Amino acid sequence: MAGAAASPWHLSDQRPSPMIRFEGLTKRYGPLVAVRDLSLEVRPGEIYTLLGPNGAGKTTALRCLATLLRPSAGTAWVAGIDVLADPVGARRHMAFLAASMGLYERLSARELVTYFGRLHGLSGAGLDARVGEVIGVFGISDFADRWCGRLSTGQRQRVSLARALVHDPSALVLDEPTLGLDLLSGRTIHEFIRRERDRGKAVLFSTHQMDEVELLADRVGVLRGGELVAEGTPEELVGRLGAPSLAHAFLALVSEAGVESGPGGSGPVPEPGRAEGLR
Amino acid sequence: MSAWTVVCLKELKDTLRDRRTLLMMIVVPVLLYPTLLIVSEQLLLFGMRSLEAEAAPVAVVGEVPGELARLLDASASIVVVPIGGDPEGAIRTDSVTAAAVLGPSADAEGTRPVTLLFDGASDRSRRGRAELARVLDAWRDTLVTARLQERGLPETFALPVTVADSSIARPDEVGGYTLGRILPLLLVVITLLGAFYPAIDLAAGEKERGTLETLLTAPVPAGAIVAGKFVTVALTGIVAAGLNLGSMLLTFQTGALQLTAAMGLEVSLPLSAVLLIFATLVPLAVLFGAVFLGIAVRSSSFKEAQNALTPVYMLVIVPAMLPIFPGIDFGPLLALTPVAGVSFLFRDLMTGDADVLLGTLVLSSTALYAGAGLFFAARAFGSERVLFGDDEDRHEDRAVGGGAGWLLRPRGGVPSPRVAVGFVAMVAVLFFYGGVQLQIRLGEPGLLAAEWLLLFVPAVLFVAVGGYDARRTLSLRGARPLAFLAGALLVAGAVPLVWLLGWLQTFVLPIPWELLEGLEELVTADTPGRLAWLLLVLALTPAVCEEVVFRGVLLGGTRSLAPWRIVLLNGIVFGAFHLSFETVIRFLPTACLGVVITWAVWRSGSIWVGVLMHLLNNATIVSAASSRALRDALSDPEAPPPLWLIPLGVIAFTLGARLLLRASPPPAGTDGSAARPEPTSDQSAEPTTDRNADPASDHSERTR
């Protein structure tokens with residue numbers, strides 16, 4: 001059960017209260033269960049990585065959190081706001097970066113960031129200051145007045161981040177933020193994620209790249225078939241499974257063979273019956 | 001600044017940077033239209049001048065008296081060419097344009113017959129005839145004058161009555177009348193084009209580029225986003241229409257156009273009429289904006305949205321065209337018809353006799369439709385199934401509040417056979433009572449209204465309210481050109497065969513003579529305008545409306561049955577439907593046609609093939625009945641069809657059937673695109689969801 005993870009609810013009083021919290025979130029598409037009974041928390045100043053193969057339900061889970069999809073059961077909170085009860089309020093405290101980036105081709109980077117600043121209720125001098133700030137932080141001043149359609153992938157990703165961060169949110173939700181980027185651009189993103197964590201932001205990001213997890217994650221949740229099958233610090237996961245590396249641990253967790261031949265006993269390894277049900 | 005204005009301002013900026021939109025919104029209305037008009041007029045004038053510039057070569061056969069020879073010489077517009085004895089041949093070979101064959105000369109009180117030979121199919125020959133006739137008339141007049149003088153009678157003796165006609169319409173009224181027929185259609189179309197691309201770009205385009213996902217995570221209610229986008233789309237439509245109206249008026253009113261001046265037309269719309277026309281364009285643009293946006297947001301890509309909107313475009317053109325046809329009286333019913341009311345109101349405003357009551361009716365009903373369209377668009381933006389309608393979300397089930405019976409089921413999918421047949425039965429009854437009433441009260445426009453209001457609208461509502469997957473239920477899919485060709489061939493073959501069948505059954509069934517007479521009157525046209533109207537009412541309208549009901553809902557709902565059952569059931573229901581308002585002798589032929597069309601639609605998967613076939617069949621009957629040569633052959637149901645047609649029909653039919661068999665693979669179950677079970681799906685639930693999955697995937701399931 002996912003609840004057997006490292007940070008059960010009853011402990012949350014002793015730590016800073018979670019900035020992002022999933023509680024029993026389930027998303028069904030007809031008979032298909034994309035996310036099943038997902039519960040996890042991300043605290044301020046923490047990077048939480050959702051790790052999982054393609055189709056494991058990462059994007060669906062993040063979309064539910066971002067109020068783009070309506071959960072079939074359960075819910076999620078952002079900065080203490082229930083996303084089901086007050087989706088607009090929840091969005092105010094959240095930066096969401098979709099895998100597709102999604103920039104308006106015919107707007108310049110500055111116009112795009114300004115537009116989203118306005119949508120977040122900024123205006124006047126406050127807006128200008130904030131737009132100038134993110135443009136500086138993400139190093140896009142050189143191409144700030146070029147149409148987004150004419151930017152390179154790396155430049156586009158930086159504009160996307162500036163767009164997502166323009167309202168200085170306290171929770172960052174990033175869906176595969178380094179997808180399709182080269183090493184250098186990827187590193188820029190990594191640095192940014194760490195910096196935001198150090199500024200006390202809660203960062204939840206999804207990936208299927210192991211090196212990213214090792215570099216960044218304070219905690220990892222492994223999704224398989226829509227279920228959280230393991231959770232903990234990278235070191236904990238490796239240790240618990242007795243795997244030589246995180247990659248091995250991950251493979252063991254997400255492949256059926258791995259589960260059957262994996263170390264029995266304690267830990268978040270799902271019982272065989274469920275594994276069969278997932279297939 | 002409120003959220004929707006932020007969205008709207010951004011969308012306007014974005015839209016104004018889109019070349020395609022600019023073209024449709026500004027360039028086309030302002031530049032292309034007057035340019036085209038001037039160019040076509042210049043071409044026309046040039047053609048007329050070049051025709052008149054040279055003298056027409058003519059011939060005169062027979063003994064030419066002195067006066068005539070002098071008159072022929074004097075005329076600058078003809079030149080007499082000597083030919084041999086064959087004037088007909090000379091005209092055929094174009095050596096002369098026309099020829100006068102003089103009969104034997106008469107005595108002092110007799111009449112000399114003259115025959116004018118010309119080629120009625122050639123503009124040059126017709127002009128030569130006219131010029132030659134003018135000379136011959138002058139010759140006759142001199143002879144009359146001479147005869148009268150001889151007897152000492154005044155010239156008025158042979159001219160007891162003179163007739164001169166004079167139109168009481170002022171030149172500007174004539175201009176308004178002429179323009180009032182063409183302009184409404186153009187205004188409606190330009191408004192539509194102005195809203196077309198922005199709607200696609202702002203909805204489907206945004207989905208395709210993935211920006212919608214980002215936009216919806218902004219802390220702004222979906223309603224504000226829809227409002228901002230919608231205002232942008234409506235504004236581009238209004239701007240396009242306004243610019244078009246202005247440029248059109250300027251083009252006509254500057255008087256720079258030689259033709260309008262030459263024809264004695266004057267165009268001067270009072271400012272109040274212009275303002276009223278503009279005021280009517282606003283709700284129209286709002287309606288287009290809302291409907292387009294609502295449809296475009298349901299498509300996942302620019303191209304898909306374009307495909308989905310093209311039929312809407314066609315549907316708008318038909319009612320917008322109505323004022324072009326003569327003899328349609330603008331009444332309350334038309335005022336309430338979307339687009340048609342606006343089009344007629346434009347016409348009346350241009351001719352200067354708009355009715356306040358009808359105008360109010362048009363404005364308020366259009367506003368009402370626009371509101372409904374807006375609601376429809378807003379609902380689409382609020383639905384995650386619509387917004388993330390990619391594969392993983394296909395099985396989305398949404399709670400449906402309220403509604404009885406079949407409404408309380410998961411959205412999407414196709415109706416069950418029972419529901420589909422029930423719906424068609426309901427529509428048939430509705431059509432039987434309502435349609436007859438409409439036809440009695442309104443005549444032919446009533447028939448038109450009945451098809452759209454009692455067949456088309458209920459079918460669309462059924463799919464929308466029932467929450468069915470419109471694409472699958474109505475087979476709204478394109479087909480290869482080959483499939484259309486096959487459909488056309490099938491109809492070409494079926495028409496004579498069905499005719500034969502109709503004739504054969506006259507040996508068994510009684511012929512309702514009175515009814516046939518009425519029917520003949522209905523389908524027989526004697527002017528091109530009337531023919532166009534009949535084609536609209538009896539061919540195009542049934543082709544769309546009846547196909548949506550039978551090959552749309554009925555076929556869509558019964559696709560899970562065995563193929564022969566689908567086809568037979570559809571044919572029988574189609575035949576029975578026609579039984580209700582025609583006669584028993586129509587049943588078998590109509591049912592057979594229904595079977596053929598159903599098979600073609602089932603096989604090709606595209607309702608458009610059915611629409612084409614239905615259209616071709618009905619258009620053939622209307623045109624044949626209106627052709628003088630064919631009318632007699634057709635009007636006697638006891639006469640057999642020409643026998644040589646039968647083998648031709650068989651050949652065309654066989655060819656069409658073979659072509660269709662080759663052009664489209666057999667449809668796999670209900671839907672070829674049925675989602676394969678994903679690795680994450682619940683095994684226990686699979687049998688129910690993937691009843692139609694292909695055998696291959698079944699196999700792989702087992703081997704795993």
# chains A, B, ... in the order shown; residues from 1 in each chain; ligands from 1

$ select_by_dssp --residues "stretch 75-275 of chain A" --states "alpha helix (DSSP H)" --output "VMD selection string"
chain A and resid 87 to 92 109 to 119 124 to 137 153 to 165 183 to 198 210 to 216 234 to 241 246 to 254 256 to 261 272 to 275

$ interface_residues --of "chain A" --to "chain B" --cutoff "7 Å" --atoms "only C-alpha atoms" --output "CSV table (one decimal) with C-alpha atoms, in the first residue's frame"
chain,number,residue,atom,x,y,z
A,29,TYR,CA,-11.0,6.6,-17.6
A,30,GLY,CA,-14.0,4.3,-17.8
A,31,PRO,CA,-12.7,0.9,-16.7
A,32,LEU,CA,-9.1,2.1,-17.0
A,33,VAL,CA,-7.4,3.2,-13.8
A,66,ALA,CA,-2.8,21.2,-11.6
A,68,LEU,CA,-6.7,20.2,-15.4
A,69,LEU,CA,-8.3,16.9,-14.7
A,88,VAL,CA,-8.6,28.8,-9.1
A,89,GLY,CA,-7.2,29.5,-5.6
A,91,ARG,CA,-3.6,27.6,-9.2
A,92,ARG,CA,-2.4,30.9,-7.7
A,96,PHE,CA,2.8,24.2,-13.7
A,98,ALA,CA,3.6,20.9,-19.0
A,100,SER,CA,4.6,20.2,-24.2
A,101,MET,CA,5.9,23.6,-23.1
A,102,GLY,CA,3.1,25.3,-24.9
A,103,LEU,CA,4.3,28.8,-26.0
A,104,TYR,CA,2.3,31.2,-28.2
A,106,ARG,CA,3.3,34.8,-32.3
A,107,LEU,CA,4.0,36.4,-29.0
A,118,ARG,CA,-1.6,39.6,-15.9
A,119,LEU,CA,-3.6,36.4,-15.7
A,120,HIS,CA,-2.1,35.9,-12.3
A,225,GLY,CA,0.5,1.1,-13.4
A,277,GLY,CA,-3.9,-7.5,-11.4
A,278,LEU,CA,-1.8,-4.8,-12.9
A,279,ARG,CA,0.0,-6.7,-15.5

$ residues_around --residues "B:His578" --least-positions-apart "2" --cutoff "12 Å" --atoms "only C-alpha atoms" --output "PyMOL selection string"
chain B and resi 428-429+431-432+542+546+550+571-576+580-591+593-594

$ select_by_dssp --residues "stretch 36-116 of chain A" --states "strand (DSSP E or B)" --output "PDB file with N, CA and C atoms, in the first residue's frame"
ATOM      1  N   ARG A  36      -4.080   5.226  -9.099  1.00  0.00           N
ATOM      2  CA  ARG A  36      -4.880   4.531  -8.114  1.00  0.00           C
ATOM      3  C   ARG A  36      -4.439   4.911  -6.705  1.00  0.00           C
ATOM      4  N   ASP A  37      -5.347   5.519  -5.981  1.00  0.00           N
ATOM      5  CA  ASP A  37      -5.173   5.756  -4.548  1.00  0.00           C
ATOM      6  C   ASP A  37      -3.801   6.339  -4.211  1.00  0.00           C
ATOM      7  N   LEU A  38      -3.468   7.429  -4.867  1.00  0.00           N
ATOM      8  CA  LEU A  38      -2.152   8.037  -4.694  1.00  0.00           C
ATOM      9  C   LEU A  38      -2.159   8.985  -3.502  1.00  0.00           C
ATOM     10  N   SER A  39      -1.215   8.763  -2.568  1.00  0.00           N
ATOM     11  CA  SER A  39      -1.067   9.677  -1.441  1.00  0.00           C
ATOM     12  C   SER A  39       0.402  10.014  -1.295  1.00  0.00           C
ATOM     13  N   LEU A  40       0.733  11.274  -1.277  1.00  0.00           N
ATOM     14  CA  LEU A  40       2.120  11.682  -1.036  1.00  0.00           C
ATOM     15  C   LEU A  40       2.129  13.141  -0.610  1.00  0.00           C
ATOM     16  N   GLU A  41       3.274  13.566  -0.072  1.00  0.00           N
ATOM     17  CA  GLU A  41       3.396  14.960   0.364  1.00  0.00           C
ATOM     18  C   GLU A  41       4.735  15.527  -0.081  1.00  0.00           C
ATOM     19  N   VAL A  42       4.752  16.805  -0.376  1.00  0.00           N
ATOM     20  CA  VAL A  42       5.999  17.505  -0.661  1.00  0.00           C
ATOM     21  C   VAL A  42       6.037  18.718   0.254  1.00  0.00           C
ATOM     22  N   GLU A  46      11.753  21.104  -0.420  1.00  0.00           N
ATOM     23  CA  GLU A  46      11.978  19.697  -0.734  1.00  0.00           C
ATOM     24  C   GLU A  46      11.748  19.454  -2.227  1.00  0.00           C
ATOM     25  N   ILE A  47      12.613  18.610  -2.803  1.00  0.00           N
ATOM     26  CA  ILE A  47      12.397  18.197  -4.194  1.00  0.00           C
ATOM     27  C   ILE A  47      11.896  16.757  -4.175  1.00  0.00           C
ATOM     28  N   TYR A  48      10.710  16.558  -4.701  1.00  0.00           N
ATOM     29  CA  TYR A  48      10.122  15.222  -4.745  1.00  0.00           C
ATOM     30  C   TYR A  48      10.038  14.813  -6.208  1.00  0.00           C
ATOM     31  N   THR A  49      10.547  13.646  -6.522  1.00  0.00           N
ATOM     32  CA  THR A  49      10.546  13.200  -7.917  1.00  0.00           C
ATOM     33  C   THR A  49       9.587  12.031  -8.094  1.00  0.00           C
ATOM     34  N   LEU A  50       8.709  12.171  -9.066  1.00  0.00           N
ATOM     35  CA  LEU A  50       7.848  11.042  -9.428  1.00  0.00           C
ATOM     36  C   LEU A  50       8.543  10.303 -10.549  1.00  0.00           C
ATOM     37  N   LEU A  51       8.925   9.078 -10.250  1.00  0.00           N
ATOM     38  CA  LEU A  51       9.680   8.307 -11.226  1.00  0.00           C
ATOM     39  C   LEU A  51       8.770   7.191 -11.732  1.00  0.00           C
ATOM     40  N   ALA A  73     -11.666  10.015  -7.502  1.00  0.00           N
ATOM     41  CA  ALA A  73     -11.825   9.880  -6.051  1.00  0.00           C
ATOM     42  C   ALA A  73     -10.612  10.515  -5.398  1.00  0.00           C
ATOM     43  N   GLY A  74     -10.753  10.848  -4.124  1.00  0.00           N
ATOM     44  CA  GLY A  74      -9.657  11.492  -3.431  1.00  0.00           C
ATOM     45  C   GLY A  74      -9.459  12.919  -3.908  1.00  0.00           C
ATOM     46  N   THR A  75      -8.406  13.559  -3.389  1.00  0.00           N
ATOM     47  CA  THR A  75      -8.169  14.928  -3.819  1.00  0.00           C
ATOM     48  C   THR A  75      -6.704  15.283  -3.581  1.00  0.00           C
ATOM     49  N   ALA A  76      -6.375  16.538  -3.792  1.00  0.00           N
ATOM     50  CA  ALA A  76      -5.013  17.011  -3.557  1.00  0.00           C
ATOM     51  C   ALA A  76      -5.091  18.427  -3.009  1.00  0.00           C
ATOM     52  N   TRP A  77      -4.052  18.815  -2.277  1.00  0.00           N
ATOM     53  CA  TRP A  77      -3.999  20.180  -1.716  1.00  0.00           C
ATOM     54  C   TRP A  77      -2.737  20.870  -2.199  1.00  0.00           C
ATOM     55  N   VAL A  78      -2.857  22.148  -2.440  1.00  0.00           N
ATOM     56  CA  VAL A  78      -1.689  22.970  -2.722  1.00  0.00           C
ATOM     57  C   VAL A  78      -1.746  24.146  -1.756  1.00  0.00           C
ATOM     58  N   ILE A  81      -4.827  24.439   0.098  1.00  0.00           N
ATOM     59  CA  ILE A  81      -6.087  24.654  -0.616  1.00  0.00           C
ATOM     60  C   ILE A  81      -6.464  23.369  -1.353  1.00  0.00           C
ATOM     61  N   ASP A  82      -7.670  22.924  -1.136  1.00  0.00           N
ATOM     62  CA  ASP A  82      -8.178  21.730  -1.812  1.00  0.00           C
ATOM     63  C   ASP A  82      -8.405  22.058  -3.287  1.00  0.00           C
ATOM     64  N   MET A  94       0.722  27.855  -7.478  1.00  0.00           N
ATOM     65  CA  MET A  94       1.374  26.750  -8.159  1.00  0.00           C
ATOM     66  C   MET A  94       1.940  27.201  -9.500  1.00  0.00           C
ATOM     67  N   ALA A  95       3.143  26.688  -9.806  1.00  0.00           N
ATOM     68  CA  ALA A  95       3.660  26.839 -11.163  1.00  0.00           C
ATOM     69  C   ALA A  95       3.499  25.487 -11.824  1.00  0.00           C
ATOM     70  N   PHE A  96       2.923  25.470 -13.003  1.00  0.00           N
ATOM     71  CA  PHE A  96       2.780  24.191 -13.690  1.00  0.00           C
ATOM     72  C   PHE A  96       3.488  24.268 -15.033  1.00  0.00           C
ATOM     73  N   LEU A  97       4.370  23.327 -15.244  1.00  0.00           N
ATOM     74  CA  LEU A  97       5.082  23.285 -16.514  1.00  0.00           C
ATOM     75  C   LEU A  97       4.723  21.972 -17.195  1.00  0.00           C
ATOM     76  N   SER A 108       6.048  37.527 -28.334  1.00  0.00           N
ATOM     77  CA  SER A 108       7.453  37.529 -27.941  1.00  0.00           C
ATOM     78  C   SER A 108       7.539  36.969 -26.526  1.00  0.00           C
TER      79      SER A 108
END

$ residues_around --residues "A:Gly180" --least-positions-apart "4" --cutoff "9 Å" --atoms "only C-alpha atoms" --output "list in words"
Thr153, Gly154 and Gly186 of chain A

$ write_last_selection --atoms "C-alpha atoms" --output "mmCIF file, in the first residue's frame"
data_model
loop_
_atom_site.group_PDB
_atom_site.id
_atom_site.type_symbol
_atom_site.label_atom_id
_atom_site.label_comp_id
_atom_site.auth_asym_id
_atom_site.auth_seq_id
_atom_site.Cartn_x
_atom_site.Cartn_y
_atom_site.Cartn_z
ATOM 1 C CA THR A 153 14.195 24.386 -27.806
ATOM 2 C CA GLY A 154 16.485 25.395 -24.960
ATOM 3 C CA GLY A 186 19.139 20.354 -18.909
#

$ residues_around --residues "A:Ala99" --least-positions-apart "5" --cutoff "7 Å" --atoms "only C-alpha atoms" --output "number ranges by chain"
A: 175-177

$ atom_distance --atom1 "atom CA of A:Glu235" --atom2 "atom CA of A:Gly55"
25.4 Å

$ residues_around --residues "A:Ala144" --least-positions-apart "6" --cutoff "9 Å" --atoms "only C-alpha atoms" --output "PyMOL selection string"
chain A and resi 108-111+135+159

$ write_last_selection --atoms "C-alpha atoms" --output "compact mmCIF listing (two decimals), in the first residue's frame"
# COMPACT_ATOMS: atom_id res chain seq x y z
CA SER A 108 7.45 37.53 -27.94
CA ALA A 109 8.94 36.02 -24.81
CA ARG A 110 8.35 39.25 -22.92
CA GLU A 111 4.73 39.50 -24.08
CA ILE A 135 13.66 37.55 -17.68
CA VAL A 159 10.77 31.09 -21.50

$ atom_distance --atom1 "atom CA of A:Ser72" --atom2 "atom CA of B:Ala380"
19.4 Å

$ residues_around --residues "A:Pro44" --least-positions-apart "2" --cutoff "9 Å" --atoms "only C-alpha atoms" --output "JSON, numbers by chain"
{"A": [16, 17, 18, 19, 20, 42, 46, 47, 170, 171, 197, 199, 200, 201, 202, 203]}

$ write_last_selection --atoms "C-alpha atoms" --output "compact mmCIF listing (two decimals), in the first residue's frame"
# COMPACT_ATOMS: atom_id res chain seq x y z
CA PRO A 16 6.72 22.05 8.21
CA SER A 17 3.22 21.41 6.86
CA PRO A 18 3.23 19.99 3.34
CA MET A 19 2.96 22.42 0.45
CA ILE A 20 1.68 19.73 -1.91
CA VAL A 42 6.00 17.50 -0.66
CA GLU A 46 11.98 19.70 -0.73
CA ILE A 47 12.40 18.20 -4.19
CA SER A 170 5.38 28.43 -3.58
CA ALA A 171 4.72 25.07 -5.25
CA ARG A 197 14.27 24.42 -3.44
CA ARG A 199 14.52 29.36 -1.57
CA GLY A 200 12.02 27.21 0.27
CA LYS A 201 9.83 26.14 -2.62
CA ALA A 202 8.24 22.73 -2.78
CA VAL A 203 9.18 21.08 -6.08

$ closest_residue --among "A:Val213, A:Ala34, A:Ala252, A:Leu25" --to "A:Ala56" --atoms "only C-alpha atoms"
A:Ala34

$ closest_residue --among "B:Met321, B:Ala420, B:Ala625, B:Leu345" --to "B:Ser560" --atoms "only C-alpha atoms"
B:Ala420

$ closest_residue --among "B:Tyr197, B:Phe346, B:Phe118, B:Phe330" --to "B:Ile182" --atoms "only C-alpha atoms"
B:Phe346

$ closest_residue --among "A:Met210, A:Gly121, A:Ser185, A:Gly126" --to "A:Phe138" --atoms "only C-alpha atoms"
A:Ser185

$ closest_residue --among "B:Leu349, B:Leu489, B:Leu474, B:Cys592" --to "B:Leu555" --atoms "only C-alpha atoms"
B:Leu474

$ decode --residues "stretch 49-76 of chain B" --atoms "N, CA and C atoms" --output "short mmCIF file (atom, residue, chain, number, x, y, z; two decimals), in the first residue's frame"
data_model
loop_
_atom_site.label_atom_id
_atom_site.label_comp_id
_atom_site.auth_asym_id
_atom_site.auth_seq_id
_atom_site.Cartn_x
_atom_site.Cartn_y
_atom_site.Cartn_z
N ARG B 49 -17.52 45.21 -76.27
CA ARG B 49 -16.96 46.14 -77.24
C ARG B 49 -16.36 45.40 -78.42
N SER B 50 -15.62 44.36 -78.15
CA SER B 50 -14.96 43.67 -79.25
C SER B 50 -15.99 43.02 -80.15
N LEU B 51 -17.13 42.66 -79.58
CA LEU B 51 -18.20 42.10 -80.40
C LEU B 51 -18.76 43.16 -81.33
N GLU B 52 -18.89 44.38 -80.77
CA GLU B 52 -19.53 45.43 -81.54
C GLU B 52 -18.58 46.17 -82.46
N ALA B 53 -17.29 46.02 -82.19
CA ALA B 53 -16.31 46.81 -82.94
C ALA B 53 -16.31 46.47 -84.42
N GLU B 54 -16.35 45.21 -84.74
CA GLU B 54 -16.24 44.84 -86.15
C GLU B 54 -17.64 44.66 -86.76
N ALA B 55 -17.70 44.91 -88.05
CA ALA B 55 -18.96 44.68 -88.75
C ALA B 55 -19.18 43.19 -88.89
N ALA B 56 -20.44 42.77 -88.65
CA ALA B 56 -20.74 41.35 -88.72
C ALA B 56 -20.89 40.92 -90.18
N PRO B 57 -20.17 39.88 -90.60
CA PRO B 57 -20.36 39.40 -91.97
C PRO B 57 -21.70 38.66 -92.08
N VAL B 58 -22.50 39.09 -93.06
CA VAL B 58 -23.80 38.46 -93.26
C VAL B 58 -23.96 38.13 -94.74
N ALA B 59 -24.97 37.34 -95.04
CA ALA B 59 -25.22 37.01 -96.44
C ALA B 59 -26.70 37.23 -96.75
N VAL B 60 -27.00 37.60 -97.95
CA VAL B 60 -28.39 37.71 -98.38
C VAL B 60 -28.57 36.82 -99.60
N VAL B 61 -29.51 35.91 -99.49
CA VAL B 61 -29.72 34.96 -100.58
C VAL B 61 -31.04 35.32 -101.28
N GLY B 62 -31.02 35.30 -102.57
CA GLY B 62 -32.22 35.63 -103.33
C GLY B 62 -32.03 36.96 -104.06
N GLU B 63 -33.04 37.34 -104.81
CA GLU B 63 -32.94 38.55 -105.61
C GLU B 63 -33.08 39.77 -104.69
N VAL B 64 -32.03 40.62 -104.65
CA VAL B 64 -32.00 41.76 -103.73
C VAL B 64 -32.48 43.02 -104.44
N PRO B 65 -33.61 43.60 -103.97
CA PRO B 65 -34.07 44.83 -104.59
C PRO B 65 -33.15 46.00 -104.26
N GLY B 66 -33.27 47.08 -105.02
CA GLY B 66 -32.39 48.24 -104.92
C GLY B 66 -32.35 48.87 -103.55
N GLU B 67 -33.58 49.12 -102.96
CA GLU B 67 -33.62 49.80 -101.66
C GLU B 67 -32.86 48.99 -100.62
N LEU B 68 -33.09 47.70 -100.63
CA LEU B 68 -32.43 46.83 -99.63
C LEU B 68 -30.93 46.90 -99.81
N ALA B 69 -30.47 46.81 -101.04
CA ALA B 69 -29.03 46.85 -101.31
C ALA B 69 -28.44 48.14 -100.76
N ARG B 70 -29.18 49.27 -100.98
CA ARG B 70 -28.69 50.57 -100.50
C ARG B 70 -28.59 50.55 -98.96
N LEU B 71 -29.65 50.03 -98.32
CA LEU B 71 -29.67 49.99 -96.85
C LEU B 71 -28.55 49.10 -96.30
N LEU B 72 -28.33 47.96 -96.99
CA LEU B 72 -27.27 47.05 -96.56
C LEU B 72 -25.91 47.74 -96.64
N ASP B 73 -25.72 48.48 -97.73
CA ASP B 73 -24.47 49.20 -97.91
C ASP B 73 -24.29 50.26 -96.83
N ALA B 74 -25.41 50.93 -96.52
CA ALA B 74 -25.34 52.06 -95.61
C ALA B 74 -25.01 51.62 -94.18
N SER B 75 -25.41 50.41 -93.82
CA SER B 75 -25.20 49.96 -92.44
C SER B 75 -23.71 49.70 -92.19
N ALA B 76 -23.19 50.34 -91.13
CA ALA B 76 -21.78 50.16 -90.80
C ALA B 76 -21.53 48.91 -89.99
#
